[in-house]
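First the structure, in the form of structure tokens, and then the observations on it.
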Amino acid sequence: MNNAKLWLVVKPTVGVPLFLTAVAVSSFATHVAVMKYSKWLPEFYAGAVIEKQADVALNSTGSNAVVVFDNGLSLASNGAQQGVVVLPDGRTARVVFEDQNMIDGTKTASLK
Amino acid sequence: MNYDPDKVWPSGLTIGEAEELHRHIIDGTRVFGFIAIVAHILAYVYTPWFG
């Protein structure tokens, strides 16, 4: 607690807001840097993980393409479904899909 | 302003006041640190951070 003598020199009305602002600014800058320079965070926000799940589904069904639907959308409803199509060579595309046949127990459907 | 020998300048706080304020600053920093640790654990678990 020997650092407490700081407040004998620095007025608290100046030092405390300055300290809190410094913490806020540095914390914000760190988040910007991670968002800008890391690969995994932007991918995470862009939902790239969905496509990785598709790789798993791809091997199991052996179909020529697999559609991985955005989570939260139930496949049961016949309405249009949005998702990511993953072709065997790994290329992906977003798709709005009218009629799908569901692979039991998974969130993926295959196009025969 | 009556003269108070305990006040230390330039800030004009007494040593007791300075230590009390610093204790709050340290406690607040600890709470911030704890929240940050929890946030990093959640990020490690729920995002592809470190694969």
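Chain labels run A, B, ... following the order of the structure tokens; each chain numbers its residues from 1, and ligands are numbered from 1 in the order shown.
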Residue list for chain A near chain B as a PyMOL selection string, 10 Å, only C-alpha atoms: chain A and resi 1-13+16+19-20+23+38-41+43-45+49
Test item, helix (DSSP H, G or I) assignment across chain B, answer as a VMD selection string: chain B and resid 15 to 46
Store the residues of this selection in a file with N, CA and C atoms, as a short mmCIF file (atom, residue, chain, number, x, y, z; two decimals), in the first residue's frame.
data_model
loop_
_atom_site.label_atom_id
_atom_site.label_comp_id
_atom_site.auth_asym_id
_atom_site.auth_seq_id
_atom_site.Cartn_x
_atom_site.Cartn_y
_atom_site.Cartn_z
N ILE B 15 -2.59 11.52 4.83
CA ILE B 15 -2.09 10.18 4.47
C ILE B 15 -3.21 9.16 4.63
N GLY B 16 -4.02 9.35 5.66
CA GLY B 16 -5.14 8.41 5.88
C GLY B 16 -6.11 8.43 4.71
N GLU B 17 -6.44 9.64 4.25
CA GLU B 17 -7.38 9.77 3.12
C GLU B 17 -6.78 9.13 1.88
N ALA B 18 -5.49 9.34 1.66
CA ALA B 18 -4.83 8.79 0.47
C ALA B 18 -4.88 7.27 0.51
N GLU B 19 -4.64 6.71 1.69
CA GLU B 19 -4.64 5.23 1.78
C GLU B 19 -6.04 4.70 1.61
N GLU B 20 -7.03 5.41 2.12
CA GLU B 20 -8.41 4.94 1.96
C GLU B 20 -8.78 4.94 0.48
N LEU B 21 -8.47 6.02 -0.21
CA LEU B 21 -8.79 6.10 -1.64
C LEU B 21 -8.07 5.00 -2.39
N HIS B 22 -6.79 4.79 -2.06
CA HIS B 22 -6.01 3.80 -2.80
C HIS B 22 -6.56 2.40 -2.60
N ARG B 23 -7.10 2.16 -1.39
CA ARG B 23 -7.68 0.84 -1.14
C ARG B 23 -8.86 0.60 -2.08
N HIS B 24 -9.67 1.63 -2.29
CA HIS B 24 -10.81 1.50 -3.23
C HIS B 24 -10.30 1.28 -4.65
N ILE B 25 -9.26 2.00 -5.02
CA ILE B 25 -8.70 1.85 -6.37
C ILE B 25 -8.22 0.40 -6.55
N ILE B 26 -7.54 -0.13 -5.56
CA ILE B 26 -7.01 -1.50 -5.66
C ILE B 26 -8.16 -2.50 -5.73
N ASP B 27 -9.17 -2.32 -4.89
CA ASP B 27 -10.31 -3.26 -4.92
C ASP B 27 -10.99 -3.22 -6.29
N GLY B 28 -11.18 -2.01 -6.80
CA GLY B 28 -11.83 -1.89 -8.11
C GLY B 28 -11.02 -2.57 -9.19
N THR B 29 -9.72 -2.42 -9.10
CA THR B 29 -8.85 -3.06 -10.10
C THR B 29 -8.96 -4.58 -10.00
N ARG B 30 -9.08 -5.06 -8.77
CA ARG B 30 -9.22 -6.52 -8.60
C ARG B 30 -10.52 -7.00 -9.22
N VAL B 31 -11.62 -6.25 -9.02
CA VAL B 31 -12.91 -6.66 -9.60
C VAL B 31 -12.79 -6.68 -11.12
N PHE B 32 -12.16 -5.62 -11.67
CA PHE B 32 -11.95 -5.56 -13.13
C PHE B 32 -11.16 -6.78 -13.59
N GLY B 33 -10.13 -7.11 -12.86
CA GLY B 33 -9.29 -8.27 -13.21
C GLY B 33 -10.08 -9.55 -13.18
N PHE B 34 -10.92 -9.70 -12.16
CA PHE B 34 -11.71 -10.93 -12.04
C PHE B 34 -12.67 -11.05 -13.23
N ILE B 35 -13.33 -9.93 -13.56
CA ILE B 35 -14.27 -9.95 -14.70
C ILE B 35 -13.51 -10.30 -15.98
N ALA B 36 -12.32 -9.76 -16.12
CA ALA B 36 -11.53 -10.02 -17.33
C ALA B 36 -11.16 -11.50 -17.41
N ILE B 37 -10.82 -12.10 -16.26
CA ILE B 37 -10.45 -13.53 -16.26
C ILE B 37 -11.65 -14.36 -16.71
N VAL B 38 -12.83 -14.03 -16.16
CA VAL B 38 -14.04 -14.78 -16.55
C VAL B 38 -14.29 -14.62 -18.06
N ALA B 39 -14.14 -13.40 -18.55
CA ALA B 39 -14.40 -13.15 -19.98
C ALA B 39 -13.42 -13.95 -20.85
N HIS B 40 -12.18 -14.02 -20.41
CA HIS B 40 -11.20 -14.77 -21.21
C HIS B 40 -11.50 -16.27 -21.18
N ILE B 41 -11.97 -16.77 -20.04
CA ILE B 41 -12.33 -18.20 -19.96
C ILE B 41 -13.49 -18.48 -20.92
N LEU B 42 -14.50 -17.60 -20.90
CA LEU B 42 -15.65 -17.79 -21.80
C LEU B 42 -15.19 -17.72 -23.26
N ALA B 43 -14.30 -16.78 -23.58
CA ALA B 43 -13.82 -16.66 -24.97
C ALA B 43 -13.05 -17.93 -25.35
N TYR B 44 -12.26 -18.46 -24.42
CA TYR B 44 -11.48 -19.67 -24.71
C TYR B 44 -12.41 -20.85 -24.96
N VAL B 45 -13.52 -20.91 -24.19
CA VAL B 45 -14.41 -22.07 -24.29
C VAL B 45 -15.29 -21.95 -25.54
N TYR B 46 -15.85 -20.74 -25.78
CA TYR B 46 -16.91 -20.63 -26.79
C TYR B 46 -16.45 -20.10 -28.14
#
Distance in Å - atom CA of Val25 of chain A versus atom CA of Gly47 of chain A: 28.1 Å
Exercise: segment 84-99 of chain A partners within 6 Å, only C-alpha atoms, chain neighbours under 5 positions left out, as a list in words: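 Within the cut-off, the hits are Ala65, Val66, Val67 and Val68 of chain A.
Of note, atom CA of Ala46 of chain A and atom CA of Val32 of chain A are spaced 16.2 Å apart.
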